[in-house]
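The next block is input35.csv, given as CSV, C-alpha atoms.
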chain,number,residue,atom,x,y,z
A,4,MET,CA,4.1,-105.3,39.9
A,5,LYS,CA,4.7,-103.1,36.8
A,6,LEU,CA,7.8,-104.2,35.1
A,7,ARG,CA,9.5,-102.6,32.1
A,8,SER,CA,10.9,-104.7,29.2
A,9,PHE,CA,14.3,-104.2,27.6
A,10,VAL,CA,16.7,-106.0,25.4
A,11,LEU,CA,20.4,-106.0,26.0
A,12,CYS,CA,22.8,-106.7,23.1
A,13,LYS,CA,26.4,-106.3,22.0
A,14,TYR,CA,25.5,-105.0,18.6
A,15,ASP,CA,25.7,-101.3,17.5
A,16,GLU,CA,23.1,-99.9,15.1
A,17,ALA,CA,25.0,-100.9,12.0
A,18,ALA,CA,25.4,-104.5,13.2
A,19,ARG,CA,21.7,-104.6,14.1
A,20,ARG,CA,20.7,-103.5,10.6
A,21,GLY,CA,23.0,-106.1,9.1
A,22,ASP,CA,25.3,-103.6,7.5
A,23,ILE,CA,28.3,-105.3,9.0
A,24,ALA,CA,28.8,-109.0,9.9
A,25,ASP,CA,29.2,-109.9,13.5
A,26,TRP,CA,29.4,-113.2,15.5
A,27,THR,CA,26.3,-114.6,17.2
A,28,ASP,CA,27.4,-117.8,18.9
A,29,HIS,CA,30.0,-119.6,20.9
A,30,SER,CA,30.8,-121.8,17.9
A,31,ASP,CA,31.9,-118.7,16.0
A,32,ILE,CA,35.2,-118.6,17.9
A,33,GLY,CA,38.1,-118.7,15.3
A,34,ALA,CA,35.9,-117.3,12.5
A,35,CYS,CA,36.5,-113.9,10.8
A,36,PHE,CA,33.9,-111.1,11.0
A,37,ASP,CA,34.3,-107.7,9.4
A,38,GLY,CA,38.1,-108.4,9.1
A,39,ARG,CA,38.6,-109.6,12.7
A,40,ILE,CA,39.0,-113.1,14.0
A,41,LEU,CA,36.9,-113.8,17.1
A,42,THR,CA,39.2,-115.1,19.8
A,43,ALA,CA,38.3,-117.1,22.8
A,44,GLU,CA,39.4,-114.2,25.0
A,45,GLU,CA,37.1,-111.7,23.2
A,46,TYR,CA,34.2,-114.1,23.4
A,47,GLN,CA,34.8,-114.5,27.2
A,48,ARG,CA,34.9,-110.8,27.8
A,49,THR,CA,31.6,-110.4,26.0
A,50,GLU,CA,30.0,-113.3,27.9
A,51,ASP,CA,31.3,-111.7,31.2
A,52,ARG,CA,29.6,-108.4,30.3
A,53,TYR,CA,26.2,-110.1,29.9
A,54,ILE,CA,26.5,-112.0,33.2
A,55,ALA,CA,27.6,-108.8,35.0
A,56,ALA,CA,24.6,-106.9,33.5
A,57,ALA,CA,22.2,-109.6,34.7
A,58,ASP,CA,23.8,-109.5,38.1
A,59,ILE,CA,23.6,-105.7,38.3
A,60,LEU,CA,19.9,-105.7,37.4
A,61,ALA,CA,19.1,-108.5,39.9
A,62,ARG,CA,20.8,-106.6,42.7
A,63,ALA,CA,19.1,-103.3,41.8
A,64,ALA,CA,15.7,-105.1,41.6
A,65,GLY,CA,16.2,-107.1,44.8
A,66,ALA,CA,15.8,-110.4,43.1
A,67,SER,CA,17.5,-113.3,45.0
A,68,HIS,CA,15.7,-116.3,43.6
A,69,PHE,CA,14.1,-117.2,40.3
A,70,VAL,CA,11.5,-119.8,39.1
A,71,LEU,CA,12.5,-121.6,36.0
A,72,ARG,CA,9.9,-121.2,33.2
A,73,ASN,CA,9.9,-122.5,29.6
A,74,VAL,CA,12.8,-124.8,30.3
A,75,PHE,CA,14.0,-126.7,27.2
A,76,LEU,CA,16.1,-129.9,27.5
A,77,HIS,CA,17.6,-131.3,24.3
A,78,GLY,CA,20.4,-133.0,26.2
A,79,PRO,CA,21.4,-134.0,29.7
A,80,PRO,CA,21.8,-131.0,32.1
A,81,PRO,CA,25.3,-130.4,33.6
A,82,ALA,CA,25.9,-132.5,36.8
A,83,TRP,CA,26.3,-129.4,39.0
A,84,LEU,CA,22.8,-128.3,38.1
A,85,GLY,CA,21.0,-131.4,39.2
A,86,GLU,CA,17.4,-132.1,38.3
A,87,VAL,CA,16.0,-129.5,35.9
A,88,TYR,CA,12.2,-129.0,35.6
A,89,GLU,CA,9.5,-126.3,35.0
A,90,GLY,CA,8.8,-124.6,38.2
A,91,ARG,CA,12.1,-125.3,40.0
A,92,ILE,CA,13.3,-122.5,42.2
A,93,VAL,CA,17.0,-121.5,41.9
A,94,ASP,CA,19.0,-118.9,43.7
A,95,LYS,CA,20.6,-116.0,41.9
A,96,THR,CA,24.1,-117.6,41.7
A,97,SER,CA,22.6,-120.7,40.0
A,98,ALA,CA,20.5,-118.6,37.6
A,99,LEU,CA,23.6,-116.6,36.5
A,100,ARG,CA,25.6,-119.8,36.0
A,101,MET,CA,22.7,-121.3,33.9
A,102,LEU,CA,22.6,-118.1,31.8
A,103,ARG,CA,26.4,-118.4,31.2
A,104,GLY,CA,26.1,-122.1,30.4
A,105,HIS,CA,23.3,-121.5,28.0
A,106,MET,CA,25.4,-119.0,26.0
A,107,SER,CA,28.2,-121.6,25.6
A,108,GLY,CA,25.8,-124.5,25.0
A,109,ASP,CA,26.5,-126.2,28.4
A,110,ALA,CA,23.2,-125.6,30.1
A,111,PRO,CA,19.5,-125.7,29.1
A,112,ALA,CA,17.6,-122.6,28.0
A,113,ALA,CA,15.1,-121.1,30.5
A,114,TRP,CA,13.2,-118.0,31.4
A,115,PHE,CA,14.1,-116.9,34.9
A,116,GLU,CA,11.2,-115.3,36.6
A,117,SER,CA,10.6,-113.6,40.0
A,118,GLU,CA,8.3,-110.9,41.2
A,119,GLU,CA,11.1,-108.4,41.0
A,120,MET,CA,12.7,-109.3,37.7
A,121,CYS,CA,12.7,-111.6,34.7
A,122,VAL,CA,15.6,-112.5,32.4
A,123,MET,CA,16.2,-114.8,29.5
A,124,MET,CA,19.1,-115.2,27.0
A,125,GLY,CA,17.5,-115.3,23.6
A,126,PHE,CA,18.9,-116.1,20.2
A,127,ASP,CA,22.0,-114.4,18.8
A,128,PHE,CA,23.1,-112.9,22.1
A,129,TYR,CA,20.0,-110.8,22.7
A,130,MET,CA,19.2,-110.8,26.4
A,131,HIS,CA,15.6,-110.1,27.3
A,132,VAL,CA,14.9,-108.5,30.8
A,133,ARG,CA,12.0,-107.1,32.7
A,134,ILE,CA,12.8,-104.9,35.6
A,135,PRO,CA,11.0,-102.6,38.1
A,136,GLU,CA,11.4,-98.8,38.0
A,137,ARG,CA,13.8,-98.8,40.8
A,138,ALA,CA,16.3,-100.7,38.7
A,139,LEU,CA,16.2,-98.4,35.7
A,140,VAL,CA,19.1,-96.3,36.9
A,141,SER,CA,21.4,-99.4,36.5
A,142,LEU,CA,20.9,-99.3,32.7
A,143,ASP,CA,23.4,-96.5,32.5
A,144,GLU,CA,26.0,-98.6,34.1
A,145,ILE,CA,25.3,-101.5,31.7
A,146,GLU,CA,25.7,-99.2,28.7
A,147,GLU,CA,29.0,-98.0,30.1
A,148,MET,CA,30.2,-101.6,30.1
A,149,GLY,CA,29.7,-101.8,26.3
A,150,LEU,CA,26.2,-103.3,25.9
A,151,PHE,CA,23.4,-101.6,24.1
A,152,VAL,CA,20.0,-101.2,25.8
A,153,LEU,CA,17.0,-101.4,23.5
A,154,GLY,CA,13.3,-100.8,24.1
A,155,ASP,CA,11.3,-99.5,27.0
A,156,GLN,CA,7.8,-101.0,27.5
A,157,GLU,CA,5.7,-101.1,30.6
A,158,GLN,CA,4.3,-104.5,31.1
A,159,ASP,CA,2.1,-106.2,33.7
A,160,ASP,CA,3.6,-109.3,35.2
A,161,ASP,CA,0.2,-110.9,35.3
A,162,GLU,CA,-0.8,-110.1,31.7
A,163,ASP,CA,-0.7,-113.7,30.6
A,164,GLU,CA,-4.4,-114.7,30.3
A,165,GLU,CA,-3.8,-118.3,29.2
A,166,ALA,CA,-5.5,-121.0,31.3
A,167,HIS,CA,-3.0,-122.9,33.4
A,168,VAL,CA,-3.5,-126.4,34.9
A,169,SER,CA,-4.2,-126.0,38.6
A,170,ARG,CA,-5.4,-129.5,39.4
A,171,ARG,CA,-3.0,-131.7,41.4
A,172,ALA,CA,-2.0,-135.1,40.2
A,173,ASP,CA,-3.1,-136.8,43.5
A,174,ASP,CA,-4.9,-140.0,44.3
A,175,GLU,CA,-8.3,-138.6,43.1
A,176,PHE,CA,-6.8,-137.7,39.7
A,177,TRP,CA,-5.4,-141.2,39.1
A,178,ALA,CA,-8.6,-142.8,40.3
A,179,GLU,CA,-10.5,-140.7,37.7
A,180,VAL,CA,-8.1,-141.9,35.0
A,181,ALA,CA,-8.7,-145.5,36.1
A,182,GLU,CA,-12.4,-145.0,36.1
A,183,GLY,CA,-12.3,-143.7,32.5
A,184,LEU,CA,-10.4,-146.8,31.5
A,185,GLY,CA,-12.9,-149.0,33.2
A,186,VAL,CA,-15.8,-147.4,31.3
A,187,ARG,CA,-14.0,-147.8,28.0
A,188,SER,CA,-13.1,-151.4,28.7
A,189,SER,CA,-16.7,-152.3,29.5
A,190,ALA,CA,-18.0,-150.5,26.4
A,191,GLN,CA,-15.5,-152.2,24.1
A,192,GLN,CA,-15.4,-155.5,25.9
A,193,GLN,CA,-11.6,-155.4,25.9
A,194,VAL,CA,-9.0,-153.9,28.2
A,195,ALA,CA,-8.5,-150.2,27.4
A,196,ARG,CA,-5.2,-148.5,27.7
A,197,THR,CA,-4.2,-144.9,28.5
A,198,LEU,CA,-1.3,-142.9,27.1
A,199,VAL,CA,0.3,-141.1,30.0
A,200,VAL,CA,2.5,-138.2,28.9
A,201,GLU,CA,4.7,-136.8,31.7
A,202,ARG,CA,6.5,-133.5,30.9
A,203,TRP,CA,8.8,-131.7,33.2
A,204,ALA,CA,10.4,-129.5,30.5
A,205,GLY,CA,10.2,-128.8,26.8
A,206,GLY,CA,12.4,-130.6,24.4
A,207,ASN,CA,13.0,-134.3,23.7
A,208,ARG,CA,14.7,-134.8,27.1
A,209,GLY,CA,11.9,-133.3,29.1
A,210,ARG,CA,9.2,-136.0,28.8
A,211,ARG,CA,8.3,-139.6,29.2
A,212,LEU,CA,5.4,-141.6,27.8
A,213,TRP,CA,3.7,-144.8,29.0
A,214,LEU,CA,1.0,-146.9,27.4
A,215,VAL,CA,-0.7,-148.8,30.3
A,216,THR,CA,-3.8,-150.3,31.6
A,217,ALA,CA,-5.6,-149.3,34.8
A,218,ASP,CA,-3.7,-152.0,36.8
A,219,ASP,CA,-0.4,-150.2,36.0
A,220,LEU,CA,-1.4,-146.7,36.9
A,221,SER,CA,-0.1,-146.9,40.5
A,222,SER,CA,3.5,-147.7,39.3
A,223,VAL,CA,3.4,-144.7,36.9
A,224,ALA,CA,2.0,-142.4,39.6
A,225,ALA,CA,4.8,-143.4,42.0
A,226,SER,CA,7.5,-142.6,39.4
A,227,VAL,CA,6.5,-139.2,38.0
A,228,LYS,CA,8.6,-136.2,38.7
A,229,ARG,CA,7.6,-133.2,40.9
A,230,GLN,CA,6.0,-130.3,39.1
A,231,ALA,CA,5.6,-132.4,35.9
A,232,LEU,CA,2.4,-132.0,33.8
A,233,ILE,CA,0.6,-135.2,33.5
A,234,SER,CA,-1.6,-135.7,30.4
A,235,ALA,CA,-3.6,-138.9,30.4
A,236,PHE,CA,-5.1,-139.7,27.0
A,237,VAL,CA,-7.8,-142.4,27.7
A,238,ASP,CA,-7.9,-145.1,25.0
A,239,PRO,CA,-6.2,-143.1,22.2
A,240,GLU,CA,-6.4,-144.4,18.6
A,241,ILE,CA,-3.1,-146.2,17.9
A,242,HIS,CA,-2.3,-147.4,14.4
A,243,ALA,CA,-0.3,-150.7,14.2
A,244,THR,CA,2.1,-150.9,11.3
A,245,SER,CA,5.2,-152.8,10.2
A,246,ARG,CA,8.6,-151.3,10.1
A,247,ASP,CA,8.6,-151.3,6.3
A,248,GLU,CA,5.3,-149.4,6.2
A,249,VAL,CA,5.9,-146.9,8.9
A,250,ALA,CA,6.3,-144.0,6.5
A,251,HIS,CA,2.8,-144.6,5.0
A,252,ALA,CA,1.4,-144.8,8.6
A,253,VAL,CA,3.0,-141.4,9.5
A,254,GLU,CA,1.6,-139.7,6.5
A,255,ALA,CA,-1.9,-141.2,7.0
A,256,ALA,CA,-1.8,-139.9,10.6
A,257,ARG,CA,-0.8,-136.4,9.4
A,258,ARG,CA,-3.6,-136.3,6.7
A,259,ALA,CA,-6.3,-137.3,9.2
A,260,HIS,CA,-5.6,-134.3,11.4
A,261,SER,CA,-7.7,-131.2,10.8
A,262,ASP,CA,-5.1,-128.6,11.5
A,263,ASP,CA,-3.3,-127.1,8.5
A,264,ASP,CA,0.1,-127.8,10.0
A,265,GLY,CA,-0.8,-131.3,11.0
A,266,PRO,CA,0.2,-133.0,14.3
A,267,ASP,CA,3.5,-134.4,15.6
A,268,VAL,CA,3.5,-138.2,15.2
A,269,VAL,CA,4.9,-140.6,17.8
A,270,ILE,CA,6.4,-143.9,16.8
A,271,PHE,CA,7.0,-146.7,19.3
A,272,PRO,CA,7.6,-150.5,19.4
A,273,LEU,CA,4.4,-152.5,20.1
A,274,ALA,CA,6.4,-155.1,21.9
A,275,GLY,CA,8.3,-153.7,24.8
A,276,ASP,CA,8.2,-152.0,28.1
A,277,LYS,CA,5.2,-150.0,29.3
A,278,GLU,CA,7.4,-147.0,29.4
A,279,LEU,CA,7.6,-146.2,25.7
A,280,ARG,CA,10.9,-145.8,23.7
A,281,THR,CA,9.5,-143.3,21.3
A,282,VAL,CA,10.6,-141.3,18.3
A,283,THR,CA,8.6,-138.1,17.7
A,284,VAL,CA,8.3,-136.8,14.2
A,285,GLU,CA,7.3,-133.1,14.2
A,286,TRP,CA,4.7,-132.0,11.8
A,287,ASP,CA,7.2,-130.4,9.4
A,288,ASP,CA,10.1,-132.8,9.7
A,289,PRO,CA,11.0,-135.7,7.4
A,290,LEU,CA,10.7,-139.3,8.6
A,291,PRO,CA,13.7,-140.4,10.7
A,292,ASP,CA,16.0,-142.8,8.9
A,293,GLU,CA,16.2,-146.5,9.8
A,294,ARG,CA,18.8,-146.1,12.5
A,295,GLU,CA,16.7,-143.5,14.3
A,296,LEU,CA,13.5,-145.6,14.4
A,297,PRO,CA,12.6,-147.5,17.7
A,298,PRO,CA,13.6,-151.2,17.8
A,299,GLY,CA,11.3,-153.9,16.6
A,300,GLN,CA,9.4,-154.9,13.4
A,301,GLU,CA,5.9,-154.1,14.7
A,302,LEU,CA,5.5,-150.4,15.5
A,303,GLY,CA,2.6,-148.3,16.8
A,304,VAL,CA,1.9,-144.8,15.5
A,305,PHE,CA,-0.4,-142.1,16.9
A,306,PRO,CA,-0.8,-138.4,16.3
A,307,TRP,CA,-0.1,-136.1,19.2
A,308,PRO,CA,-2.2,-134.4,20.3
A,309,ALA,CA,-4.9,-137.0,19.8
A,310,GLU,CA,-7.9,-134.9,18.7
A,311,ASP,CA,-10.7,-137.2,19.8
A,312,ALA,CA,-9.1,-138.8,22.9
A,313,VAL,CA,-10.4,-138.0,26.3
A,314,CYS,CA,-7.6,-136.1,28.1
A,315,LEU,CA,-7.2,-135.5,31.8
A,316,GLU,CA,-4.5,-133.2,33.0
A,317,ALA,CA,-2.9,-132.4,36.4
A,318,VAL,CA,0.4,-131.3,37.9
A,319,VAL,CA,2.5,-133.2,40.3
A,320,PRO,CA,3.0,-131.2,43.5
A,321,GLY,CA,6.5,-130.5,44.9
A,322,ASP,CA,7.8,-132.1,48.1
A,323,ASP,CA,6.3,-129.2,50.0
A,324,GLY,CA,2.9,-129.8,48.4
A,325,ARG,CA,3.0,-126.6,46.4
A,326,LEU,CA,2.5,-126.2,42.6
A,327,THR,CA,5.2,-123.8,41.3
A,328,ALA,CA,5.2,-125.1,37.7
A,329,ARG,CA,2.9,-123.2,35.3
A,330,TRP,CA,1.6,-125.4,32.5
A,331,VAL,CA,-0.8,-124.2,29.8
A,332,ALA,CA,-3.9,-126.4,29.7
A,333,SER,CA,-3.9,-129.0,26.9
A,334,SER,CA,-0.3,-128.0,26.1
A,335,THR,CA,1.4,-130.5,23.8
A,336,SER,CA,4.6,-128.8,22.8
Transcribe the structure of this file into structure tokens.
Amino acid sequence: MKLRSFVLCKYDEAARRGDIADWTDHSDIGACFDGRILTAEEYQRTEDRYIAAADILARAAGASHFVLRNVFLHGPPPAWLGEVYEGRIVDKTSALRMLRGHMSGDAPAAWFESEEMCVMMGFDFYMHVRIPERALVSLDEIEEMGLFVLGDQEQDDDEDEEAHVSRRADDEFWAEVAEGLGVRSSAQQQVARTLVVERWAGGNRGRRLWLVTADDLSSVAASVKRQALISAFVDPEIHATSRDEVAHAVEAARRAHSDDDGPDVVIFPLAGDKELRTVTVEWDDPLPDERELPPGQELGVFPWPAEDAVCLEAVVPGDDGRLTARWVASSTS
């Protein structure tokens, strides 16, 4: 279906150019902008306009349910929302509540997608929407509410040509991971391990990591979340280091990577559970301080993604056996 892309915002042309100061976040309540103090009441009225606009467009487009895409979890989701993951299907009421929660910082960010309409709350109170032609007439109503409508681009809903993981994380997948470990163990004459990365959302609250042998794969397979992307790195190169030398190990892992930007680096305790308590240092971030490092004196360090490791990827089906998540192959973000 052909959808048209628009941006909805509260800013007039002068504010968009930066000629006058304007507020951009819930945290700005109480601050002064262009000689006016942003009150909680004014903020609420603005937030209400955005939610009303999204509701108007959803009704005009005929969108009653949305699939969550590009979900980011940097904290626990609100209790009312339940489990949040890439590919979860929510009704319109829940989608609007999530949009409102994201504006105030109480709910995770997501792109809400359906065949009839897509919507996302971007940075600084810019709402991105894609709507069918039959919903265009509703844009006049939205402008009358006090929001500005920008842009008009025709866009194919299927224009994304990136390769997505279509394999299922079923018994055959886990057996192949175990077989790969067996080959490595025989070649090295020692037990090989795999780094299993489970991701159900972006952000540091959207993934778990395990470092396990073939004997432990069944317990991992039994605990992974539905619609999660499973990346199994077979026998990755892990650098052992002391707590005092971890900074040198992180820099060495970064330098060894061929990309200009360098990799993220994962730090974890060598002695501990099979499910890793990790700290990830992004490629352009400083090393975490002592209090932020994982516990223990002996630590393991590895670059992520691991360039030379064998990686097998699959997606965990939902309870109904379907794959609704859409993960990019070899995605590591």
Show which residues sit within 10 Å of region 172-187 of chain A, as a PDB file with C-alpha atoms, keeping the file's coordinate frame. Count all atoms listed in the file, and ignore same-chain residues fewer than 3 positions away.
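selection-v4.pdb was written with the following content:
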ATOM      1  CA  SER A 169      -4.200-126.000  38.600  1.00  0.00           C
ATOM      2  CA  ALA A 190     -18.000-150.500  26.400  1.00  0.00           C
ATOM      3  CA  GLN A 191     -15.500-152.200  24.100  1.00  0.00           C
ATOM      4  CA  GLN A 192     -15.400-155.500  25.900  1.00  0.00           C
ATOM      5  CA  GLN A 193     -11.600-155.400  25.900  1.00  0.00           C
ATOM      6  CA  VAL A 194      -9.000-153.900  28.200  1.00  0.00           C
ATOM      7  CA  ALA A 195      -8.500-150.200  27.400  1.00  0.00           C
ATOM      8  CA  ARG A 196      -5.200-148.500  27.700  1.00  0.00           C
ATOM      9  CA  THR A 197      -4.200-144.900  28.500  1.00  0.00           C
ATOM     10  CA  VAL A 199       0.300-141.100  30.000  1.00  0.00           C
ATOM     11  CA  VAL A 215      -0.700-148.800  30.300  1.00  0.00           C
ATOM     12  CA  THR A 216      -3.800-150.300  31.600  1.00  0.00           C
ATOM     13  CA  ALA A 217      -5.600-149.300  34.800  1.00  0.00           C
ATOM     14  CA  ASP A 218      -3.700-152.000  36.800  1.00  0.00           C
ATOM     15  CA  ASP A 219      -0.400-150.200  36.000  1.00  0.00           C
ATOM     16  CA  LEU A 220      -1.400-146.700  36.900  1.00  0.00           C
ATOM     17  CA  SER A 221      -0.100-146.900  40.500  1.00  0.00           C
ATOM     18  CA  VAL A 223       3.400-144.700  36.900  1.00  0.00           C
ATOM     19  CA  ALA A 224       2.000-142.400  39.600  1.00  0.00           C
ATOM     20  CA  VAL A 227       6.500-139.200  38.000  1.00  0.00           C
ATOM     21  CA  ARG A 229       7.600-133.200  40.900  1.00  0.00           C
ATOM     22  CA  GLN A 230       6.000-130.300  39.100  1.00  0.00           C
ATOM     23  CA  ALA A 231       5.600-132.400  35.900  1.00  0.00           C
ATOM     24  CA  LEU A 232       2.400-132.000  33.800  1.00  0.00           C
ATOM     25  CA  ILE A 233       0.600-135.200  33.500  1.00  0.00           C
ATOM     26  CA  SER A 234      -1.600-135.700  30.400  1.00  0.00           C
ATOM     27  CA  ALA A 235      -3.600-138.900  30.400  1.00  0.00           C
ATOM     28  CA  PHE A 236      -5.100-139.700  27.000  1.00  0.00           C
ATOM     29  CA  VAL A 237      -7.800-142.400  27.700  1.00  0.00           C
ATOM     30  CA  ASP A 238      -7.900-145.100  25.000  1.00  0.00           C
ATOM     31  CA  VAL A 313     -10.400-138.000  26.300  1.00  0.00           C
ATOM     32  CA  CYS A 314      -7.600-136.100  28.100  1.00  0.00           C
ATOM     33  CA  LEU A 315      -7.200-135.500  31.800  1.00  0.00           C
ATOM     34  CA  GLU A 316      -4.500-133.200  33.000  1.00  0.00           C
ATOM     35  CA  ALA A 317      -2.900-132.400  36.400  1.00  0.00           C
ATOM     36  CA  VAL A 318       0.400-131.300  37.900  1.00  0.00           C
ATOM     37  CA  VAL A 319       2.500-133.200  40.300  1.00  0.00           C
ATOM     38  CA  PRO A 320       3.000-131.200  43.500  1.00  0.00           C
TER      39      PRO A 320
END
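Closest approach to Glu146 (chain A) among A:Ala332, A:Ile59, A:Ala43, A:Val282: A:Ile59, based on all atoms listed in the file.
The environment of Glu45 (chain A) within 12 Å, counting all atoms listed in the file and disregarding residues fewer than 6 places along the same chain, consists of Trp26, His29, Asp31, Ile32, Gly33, Arg39, Asp51 and Arg52 of chain A.
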Given the choices A:Asp322, A:Glu44, A:Asp276, A:Asp247, which gets closest to Asp292 (chain A) if the distance is worked out from all atoms listed in the file? A:Asp247
Could you pull the residues within 10 Å of region 288-291 of chain A, counting all atoms listed in the file, minus those fewer than 4 positions along the same chain, as JSON, numbers by chain? {"A": [249, 250, 253, 254, 267, 268, 282, 283, 284, 295, 296]}
So the first atom is CA of His77 (chain A) and the second is CA of Pro111 (chain A); what is the distance between them in Å, to one decimal place? 7.6 Å
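Rounded to one decimal, CA of Arg258 (chain A) and CA of Gly275 (chain A) lie 27.8 Å from each other.
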Interatomic distance between CA of Glu50 (chain A) and CA of Ala110 (chain A)? 14.2 Å
Extract, using all atoms listed in the file, all DNA, RNA and protein residues at most 9 Å from region 66-70 of chain A, discarding same-chain residues fewer than 2 positions from it, and format them as an mmCIF file with C-alpha atoms, keeping the file's coordinate frame.
data_model
loop_
_atom_site.group_PDB
_atom_site.id
_atom_site.type_symbol
_atom_site.label_atom_id
_atom_site.label_comp_id
_atom_site.auth_asym_id
_atom_site.auth_seq_id
_atom_site.Cartn_x
_atom_site.Cartn_y
_atom_site.Cartn_z
ATOM 1 C CA LEU A 60 19.900 -105.700 37.400
ATOM 2 C CA ALA A 61 19.100 -108.500 39.900
ATOM 3 C CA ARG A 62 20.800 -106.600 42.700
ATOM 4 C CA ALA A 63 19.100 -103.300 41.800
ATOM 5 C CA ALA A 64 15.700 -105.100 41.600
ATOM 6 C CA ARG A 72 9.900 -121.200 33.200
ATOM 7 C CA GLU A 89 9.500 -126.300 35.000
ATOM 8 C CA GLY A 90 8.800 -124.600 38.200
ATOM 9 C CA ARG A 91 12.100 -125.300 40.000
ATOM 10 C CA ILE A 92 13.300 -122.500 42.200
ATOM 11 C CA VAL A 93 17.000 -121.500 41.900
ATOM 12 C CA ASP A 94 19.000 -118.900 43.700
ATOM 13 C CA LYS A 95 20.600 -116.000 41.900
ATOM 14 C CA THR A 96 24.100 -117.600 41.700
ATOM 15 C CA SER A 97 22.600 -120.700 40.000
ATOM 16 C CA ALA A 98 20.500 -118.600 37.600
ATOM 17 C CA TRP A 114 13.200 -118.000 31.400
ATOM 18 C CA PHE A 115 14.100 -116.900 34.900
ATOM 19 C CA GLU A 116 11.200 -115.300 36.600
ATOM 20 C CA SER A 117 10.600 -113.600 40.000
ATOM 21 C CA GLU A 118 8.300 -110.900 41.200
ATOM 22 C CA GLU A 119 11.100 -108.400 41.000
ATOM 23 C CA MET A 120 12.700 -109.300 37.700
ATOM 24 C CA CYS A 121 12.700 -111.600 34.700
ATOM 25 C CA THR A 327 5.200 -123.800 41.300
ATOM 26 C CA ALA A 328 5.200 -125.100 37.700
#
Please return, as number ranges by chain, all polymer residues that have at least one atom within 12 Å of the point (5.9, -153.2, 16.9); use all atoms listed in the file and the file's own coordinate frame. A: 241-249, 270-276, 279-281, 296-304
Restricting the calculation to only C-alpha atoms: of A:Val74, A:Val10, A:Ala57, A:Ala256, which residue gets closest to Ala112 (chain A)? A:Val74
What's around Val87 (chain A) at 10 Å? Count all atoms listed in the file, leave out sequence neighbours fewer than 6 positions away in its own chain, and write the answer as a list in words. Leu71, Val74, Phe75, Leu76, Pro79, Pro80, Pro81, Pro111, Trp203, Ala204 and Gly209 of chain A
Can you tell me, as a PDB file with C-alpha atoms, keeping the file's coordinate frame, which residues sit within 10 Å of (27.0, -109.7, 14.3) in the file's frame, using only C-alpha atoms?
ATOM      1  CA  LYS A  13      26.400-106.300  22.000  1.00  0.00           C
ATOM      2  CA  TYR A  14      25.500-105.000  18.600  1.00  0.00           C
ATOM      3  CA  ASP A  15      25.700-101.300  17.500  1.00  0.00           C
ATOM      4  CA  ALA A  17      25.000-100.900  12.000  1.00  0.00           C
ATOM      5  CA  ALA A  18      25.400-104.500  13.200  1.00  0.00           C
ATOM      6  CA  ARG A  19      21.700-104.600  14.100  1.00  0.00           C
ATOM      7  CA  ARG A  20      20.700-103.500  10.600  1.00  0.00           C
ATOM      8  CA  GLY A  21      23.000-106.100   9.100  1.00  0.00           C
ATOM      9  CA  ASP A  22      25.300-103.600   7.500  1.00  0.00           C
ATOM     10  CA  ILE A  23      28.300-105.300   9.000  1.00  0.00           C
ATOM     11  CA  ALA A  24      28.800-109.000   9.900  1.00  0.00           C
ATOM     12  CA  ASP A  25      29.200-109.900  13.500  1.00  0.00           C
ATOM     13  CA  TRP A  26      29.400-113.200  15.500  1.00  0.00           C
ATOM     14  CA  THR A  27      26.300-114.600  17.200  1.00  0.00           C
ATOM     15  CA  ASP A  28      27.400-117.800  18.900  1.00  0.00           C
ATOM     16  CA  PHE A  36      33.900-111.100  11.000  1.00  0.00           C
ATOM     17  CA  ASP A  37      34.300-107.700   9.400  1.00  0.00           C
ATOM     18  CA  ASP A 127      22.000-114.400  18.800  1.00  0.00           C
ATOM     19  CA  PHE A 128      23.100-112.900  22.100  1.00  0.00           C
TER      20      PHE A 128
END
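The closest residue to Gly321 (chain A), picked from A:Tyr88, A:Tyr46, A:Trp213, A:Tyr53 and counting only C-alpha atoms, is A:Tyr88.
With all atoms listed in the file as the atoms that count, the residue of A:Lys228, A:Val269, A:Glu165, A:Val140 with the shortest distance to Asn207 (chain A) is A:Val269.
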